[in-house]
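File shown here: structure_24.csv, holding CSV, C-alpha atoms.
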chain,number,residue,atom,x,y,z
A,224,MET,CA,25.3,12.7,-12.1
A,225,LEU,CA,21.6,12.5,-11.1
A,226,VAL,CA,19.0,11.2,-13.6
A,227,SER,CA,17.4,14.7,-13.6
A,228,ASP,CA,20.8,16.2,-14.7
A,229,ARG,CA,20.9,14.1,-17.8
A,230,PRO,CA,20.1,15.5,-21.3
A,231,GLU,CA,16.3,15.3,-21.9
A,232,SER,CA,16.8,12.5,-24.5
A,233,ASP,CA,18.4,10.4,-21.8
A,234,TYR,CA,16.2,11.4,-18.9
A,235,PHE,CA,13.0,9.7,-20.1
A,236,ARG,CA,15.0,6.5,-20.9
A,237,TYR,CA,16.4,6.4,-17.4
A,238,LEU,CA,13.1,7.2,-15.9
A,239,GLN,CA,11.4,4.3,-17.6
A,240,LEU,CA,14.2,2.0,-16.5
A,241,ILE,CA,13.8,3.1,-12.9
A,242,ILE,CA,10.0,2.5,-13.1
A,243,ARG,CA,10.6,-0.9,-14.6
A,244,GLY,CA,13.2,-1.8,-11.9
A,245,PHE,CA,10.9,-0.6,-9.2
A,246,ARG,CA,8.0,-2.7,-10.5
A,247,GLU,CA,10.1,-5.8,-10.7
A,248,ALA,CA,11.4,-5.2,-7.1
A,249,LYS,CA,7.8,-4.9,-5.8
A,250,ILE,CA,6.6,-8.1,-7.5
A,251,TYR,CA,9.6,-10.4,-6.9
A,252,HIS,CA,11.7,-9.1,-4.0
A,253,LEU,CA,9.9,-6.8,-1.6
A,254,LYS,CA,7.4,-7.6,1.2
A,255,GLY,CA,4.7,-5.4,2.5
A,256,PHE,CA,3.7,-3.8,-0.7
A,257,ALA,CA,0.4,-5.5,-1.2
A,258,LYS,CA,-2.5,-3.0,-1.4
A,259,VAL,CA,-6.0,-3.5,-0.1
A,260,ALA,CA,-9.0,-1.7,-1.8
A,261,LYS,CA,-12.6,-1.8,-0.4
A,262,LEU,CA,-14.9,-2.1,-3.5
A,263,THR,CA,-18.6,-2.2,-4.0
A,264,VAL,CA,-20.0,-5.1,-6.1
A,265,SER,CA,-21.9,-3.8,-9.1
A,266,ASP,CA,-25.4,-4.8,-10.2
A,267,ILE,CA,-23.9,-7.4,-12.6
A,268,LYS,CA,-21.7,-8.7,-9.8
A,269,THR,CA,-18.3,-7.4,-10.7
A,270,ILE,CA,-15.6,-5.1,-9.3
A,271,ASP,CA,-13.3,-3.0,-11.5
A,272,LEU,CA,-9.6,-3.4,-11.1
A,273,PRO,CA,-7.9,-0.2,-9.9
A,274,THR,CA,-5.7,1.9,-12.2
A,275,ASP,CA,-2.5,1.0,-10.3
A,276,TYR,CA,-3.4,-2.8,-10.4
A,277,MET,CA,-0.4,-4.9,-11.5
A,278,SER,CA,-1.0,-8.5,-10.1
A,279,PHE,CA,-3.8,-10.3,-8.4
A,280,ILE,CA,-3.6,-11.7,-4.9
A,281,ALA,CA,-7.1,-12.3,-3.6
A,282,VAL,CA,-10.7,-11.1,-3.1
A,283,VAL,CA,-11.7,-11.4,0.6
A,284,VAL,CA,-14.4,-10.5,3.1
A,285,PRO,CA,-13.8,-9.8,6.8
A,286,ILE,CA,-15.0,-12.4,9.3
A,287,SER,CA,-14.2,-12.3,13.0
A,288,GLY,CA,-11.3,-9.9,12.5
A,289,GLU,CA,-9.6,-11.8,9.7
A,290,TYR,CA,-9.9,-11.8,5.9
A,291,TRP,CA,-11.6,-14.8,4.4
A,292,THR,CA,-10.7,-15.6,0.8
A,293,LEU,CA,-13.3,-16.2,-1.8
A,294,THR,CA,-12.7,-19.2,-4.0
A,295,GLU,CA,-11.6,-18.8,-7.7
A,296,LYS,CA,-13.9,-20.7,-10.1
A,297,ASP,CA,-13.2,-20.4,-13.8
A,298,THR,CA,-16.6,-21.9,-14.8
A,299,LEU,CA,-18.7,-19.1,-13.4
A,300,VAL,CA,-21.5,-17.9,-15.8
A,301,PHE,CA,-21.4,-14.1,-15.9
A,302,SER,CA,-23.1,-11.2,-17.7
A,303,GLN,CA,-22.4,-11.2,-21.5
A,304,SER,CA,-24.2,-7.9,-22.1
A,305,GLY,CA,-22.3,-5.9,-19.6
A,306,ALA,CA,-25.5,-4.2,-18.5
A,307,SER,CA,-27.7,-6.7,-16.8
A,308,LEU,CA,-27.9,-10.4,-15.8
A,309,ASP,CA,-29.8,-12.8,-18.0
A,310,ALA,CA,-31.7,-15.3,-15.9
A,311,ASP,CA,-32.4,-17.5,-18.9
A,312,ASP,CA,-28.6,-18.1,-19.2
A,313,GLU,CA,-28.3,-18.5,-15.4
A,314,GLU,CA,-26.0,-15.5,-15.2
A,315,GLY,CA,-25.2,-14.6,-11.6
A,316,GLU,CA,-26.7,-17.8,-10.2
A,317,ASP,CA,-25.5,-18.8,-6.8
A,318,ILE,CA,-23.0,-21.7,-6.8
A,319,GLU,CA,-24.2,-24.8,-5.0
A,320,ASP,CA,-21.3,-27.3,-5.1
A,321,GLY,CA,-22.3,-30.8,-4.2
A,322,TYR,CA,-20.6,-32.2,-1.1
A,323,SER,CA,-20.9,-35.1,1.3
A,324,ILE,CA,-20.8,-34.9,5.1
A,325,THR,CA,-20.0,-38.6,5.6
A,326,TYR,CA,-16.9,-39.7,7.5
A,327,GLY,CA,-13.8,-39.1,5.5
A,328,ALA,CA,-15.5,-37.2,2.7
A,329,THR,CA,-13.8,-34.3,0.9
A,330,GLY,CA,-15.1,-31.1,-0.7
A,331,GLY,CA,-17.3,-28.3,0.5
A,332,ILE,CA,-18.9,-25.0,-0.2
A,333,ASN,CA,-17.4,-21.6,0.3
A,334,LYS,CA,-20.5,-19.9,1.6
A,335,GLN,CA,-18.8,-16.5,1.5
A,336,GLY,CA,-18.6,-16.5,-2.3
A,337,TYR,CA,-16.8,-17.3,-5.6
A,338,ILE,CA,-14.9,-15.2,-8.1
A,339,LYS,CA,-13.5,-15.3,-11.6
A,340,LEU,CA,-10.6,-13.1,-12.6
A,341,ASP,CA,-11.3,-11.3,-15.9
A,342,GLU,CA,-8.2,-9.2,-16.5
A,343,VAL,CA,-8.9,-8.9,-20.2
A,344,ASN,CA,-12.0,-6.7,-19.2
A,345,ASN,CA,-10.2,-5.1,-16.2
A,346,ARG,CA,-12.5,-6.7,-13.7
A,347,VAL,CA,-13.2,-9.5,-11.2
A,348,ILE,CA,-16.5,-11.3,-11.4
A,349,ILE,CA,-18.1,-12.0,-8.0
A,350,ASN,CA,-20.7,-14.7,-7.4
A,351,SER,CA,-22.6,-16.4,-4.5
A,352,LEU,CA,-21.7,-13.5,-2.1
A,353,GLU,CA,-23.3,-14.1,1.2
A,354,ALA,CA,-26.7,-12.4,1.6
A,355,GLY,CA,-26.4,-8.9,2.9
A,356,LYS,CA,-22.8,-8.3,1.7
A,357,THR,CA,-22.4,-5.6,-1.0
A,358,GLU,CA,-18.6,-4.9,-0.6
A,359,VAL,CA,-15.5,-6.9,-0.8
A,360,PHE,CA,-11.8,-6.2,-0.4
A,361,LEU,CA,-9.4,-6.7,-3.3
A,362,ILE,CA,-5.8,-7.5,-2.3
A,363,TYR,CA,-3.4,-6.9,-5.1
A,364,TYR,CA,0.1,-5.8,-6.1
A,365,SER,CA,0.2,-2.1,-7.0
A,366,SER,CA,2.6,-0.6,-9.5
A,367,GLY,CA,3.5,1.8,-6.7
A,368,ILE,CA,4.0,4.5,-9.3
A,369,ASN,CA,1.8,7.5,-8.4
A,370,GLU,CA,0.5,9.1,-11.6
A,371,ALA,CA,-1.4,12.0,-10.0
A,372,GLY,CA,1.6,14.3,-9.6
A,373,THR,CA,2.4,13.1,-6.0
A,374,ASP,CA,5.7,11.6,-4.9
A,375,THR,CA,6.3,7.9,-5.2
A,376,TYR,CA,7.8,6.2,-2.1
A,377,VAL,CA,10.9,4.2,-2.8
A,378,PRO,CA,12.5,2.4,0.2
A,379,ASP,CA,16.1,3.5,0.8
A,380,VAL,CA,17.1,-0.2,1.0
A,381,ILE,CA,16.6,-0.7,-2.7
A,382,VAL,CA,18.2,2.5,-4.0
A,383,PRO,CA,21.6,0.9,-4.6
A,384,MET,CA,19.9,-2.0,-6.4
A,385,LEU,CA,17.9,0.3,-8.6
A,386,HIS,CA,21.1,2.4,-9.4
A,387,PHE,CA,22.9,-0.7,-10.8
A,388,TYR,CA,19.7,-2.0,-12.4
A,389,VAL,CA,19.5,1.2,-14.5
A,390,LEU,CA,23.2,1.2,-15.4
A,391,TYR,CA,23.1,-2.5,-16.3
A,392,LYS,CA,20.0,-2.3,-18.5
A,393,ASP,CA,21.2,1.0,-20.1
A,394,ALA,CA,24.6,-0.7,-21.0
A,395,ILE,CA,22.7,-3.5,-22.8
A,396,TYR,CA,20.5,-0.9,-24.6
A,397,ASN,CA,23.6,1.0,-25.8
A,398,ASP,CA,25.5,-2.2,-26.7
A,399,ARG,CA,28.3,-1.5,-24.1
A,400,PRO,CA,30.0,-4.1,-21.8
A,401,TYR,CA,27.5,-4.8,-19.0
A,402,GLU,CA,28.8,-7.9,-17.1
A,403,HIS,CA,30.4,-6.0,-14.2
A,404,LEU,CA,27.3,-3.8,-13.8
A,405,ARG,CA,25.1,-7.0,-13.9
A,406,ASP,CA,27.3,-8.5,-11.1
A,407,GLU,CA,27.0,-5.4,-9.0
A,408,TYR,CA,23.2,-5.4,-9.5
A,409,TYR,CA,22.9,-9.0,-8.3
A,410,ARG,CA,25.1,-8.3,-5.3
A,411,GLU,CA,22.8,-5.5,-4.3
A,412,LEU,CA,19.8,-7.6,-5.0
A,413,ASP,CA,21.1,-10.4,-2.7
A,414,LYS,CA,21.3,-7.8,0.1
A,415,VAL,CA,17.7,-6.8,-0.4
A,416,ARG,CA,16.6,-10.4,-0.5
A,417,TYR,CA,18.5,-11.1,2.8
A,418,LEU,CA,16.6,-8.2,4.5
A,419,GLN,CA,13.3,-9.6,3.2
A,420,MET,CA,13.8,-13.0,4.8
A,421,PRO,CA,11.3,-13.9,7.5
A,422,SER,CA,12.5,-13.7,11.1
A,423,LEU,CA,13.1,-16.8,13.3
A,424,ASP,CA,9.9,-15.9,15.2
A,425,ALA,CA,7.9,-15.8,11.9
A,426,MET,CA,9.2,-19.2,10.8
A,427,ARG,CA,8.5,-20.7,14.3
A,428,ASP,CA,4.9,-19.4,14.1
A,429,ALA,CA,4.5,-20.8,10.6
A,430,LEU,CA,5.6,-24.2,12.0
A,431,TYR,CA,3.2,-24.0,14.9
A,432,GLU,CA,0.3,-23.3,12.6
A,433,VAL,CA,0.6,-26.8,11.1
A,434,TYR,CA,1.4,-28.5,14.4
A,435,THR,CA,-1.2,-30.8,15.9
A,436,SER,CA,-1.4,-32.1,19.4
A,437,THR,CA,-1.3,-35.9,19.0
A,438,PRO,CA,-0.3,-38.8,21.2
A,439,GLN,CA,3.4,-39.6,21.0
A,440,ARG,CA,4.4,-43.3,20.9

Could I get this structure in the form of structure tokens?
Amino acid sequence: MLVSDRPESDYFRYLQLIIRGFREAKIYHLKGFAKVAKLTVSDIKTIDLPTDYMSFIAVVVPISGEYWTLTEKDTLVFSQSGASLDADDEEGEDIEDGYSITYGATGGINKQGYIKLDEVNNRVIINSLEAGKTEVFLIYYSSGINEAGTDTYVPDVIVPMLHFYVLYKDAIYNDRPYEHLRDEYYRELDKVRYLQMPSLDAMRDALYEVYTSTPQR
């Protein structure tokens, strides 16, 4: 029986279980579901988190065909009024980390900018953005659930896993035996994880990225 064929009292419970299972799959098990949004930095140096935002990955700017990640810094001073920047409190001041250029020194400055994640206020604070830049790219995990009446894409590969996820969680909800459904769910989950493993070529390239050409003795 399809979820849509269930009595109305069951339908919404199953629907919520499917949404929850799909969200978990996107966060923990599926690749390629990160979303990129191009956003304009406000006058108080913030960007708002999108309505489908679920988990933060990075704020980046494009440089030479690649994304450059802005550095997270929890100590940023930001607008307390929400309307303007107060120079007396050094709100929005550029960050000038001290660093040394002597041999063997560590540290440095991210000249592209710094950020502070402020999920409580549904925003990201941007600071020290390079002169002339007014836009950044937010990379994040989306809920994937379309709320505007359009269809939500669900990969075929996770449909069996979602099926047993719903039955497993529903059995717990109704205080029924659930162990065999849980085992079936994890078997389907293992199949999904297997398909998400990186290829041998990807693992080789990852190894080459840290390889250095040094004399062999």

Using CA of Thr357 in chain A and CA of Phe279 in chain A as the two end points, give the distance in Å to one decimal.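 Calculated distance between CA of Thr357 in chain A and CA of Phe279 in chain A is 20.6 Å.
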
Enumerate, as a PyMOL selection string, the protein, DNA and RNA residues whose atoms approach (-13.1, -16.8, -13.4) to within 8 Å, taking into account all atoms listed in the file and the coordinate frame of the file. chain A and resi 295-299+338-341+347-348

Give me the residues within 7 Å of Glu353 in chain A as an mmCIF file with C-alpha atoms, in the coordinates of the input, counting all atoms listed in the file and dropping any in the same chain fewer than 5 places off.
data_model
loop_
_atom_site.group_PDB
_atom_site.id
_atom_site.type_symbol
_atom_site.label_atom_id
_atom_site.label_comp_id
_atom_site.auth_asym_id
_atom_site.auth_seq_id
_atom_site.Cartn_x
_atom_site.Cartn_y
_atom_site.Cartn_z
ATOM 1 C CA LYS A 334 -20.500 -19.900 1.600
ATOM 2 C CA GLN A 335 -18.800 -16.500 1.500
ATOM 3 C CA GLY A 336 -18.600 -16.500 -2.300
#

Residue among A:Tyr251, A:Tyr417, A:Phe387, A:Phe301 lying closest to Lys268 in chain A, counting all atoms listed in the file: A:Phe301

CA of Val264 in chain A and CA of Glu358 in chain A are how many Å apart?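 Interatomic distance, CA of Val264 in chain A to CA of Glu358 in chain A: 5.7 Å.
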
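The space separating CA of Glu342 in chain A from CA of Gly288 in chain A comes to 29.2 Å.
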
Nearest to Asp406 in chain A, chosen from A:Leu240, A:Val377, A:Leu390, A:Leu361, with all atoms listed in the file counted in the distances: A:Leu390

Given the choices A:Glu247, A:Asp233, A:Leu253, A:His403, which gets closest to Met420 in chain A if the distance is worked out from all atoms listed in the file?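 Checking each of A:Glu247, A:Asp233, A:Leu253, A:His403 against Met420 in chain A, counting all atoms listed in the file, the winner is A:Leu253.
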
Nearest to Ala281 in chain A among A:Glu407, A:Arg243, A:Ile362, A:Met426, with distances taken over only C-alpha atoms: which residue is it? A:Ile362

Could you tell me which of A:Val300, A:Arg236, A:Ser366, A:Asp379 comes closest to Asp275 in chain A if we count all atoms listed in the file?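 The shortest atom-to-atom distance to Asp275 in chain A comes from A:Ser366.
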
Go through A:Leu352, A:Ile267, A:Val382, A:Val284 and flag the residue nearest Ile241 in chain A, using only C-alpha atoms for the distances.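 For Ile241 in chain A, the nearest of the candidates is A:Val382.
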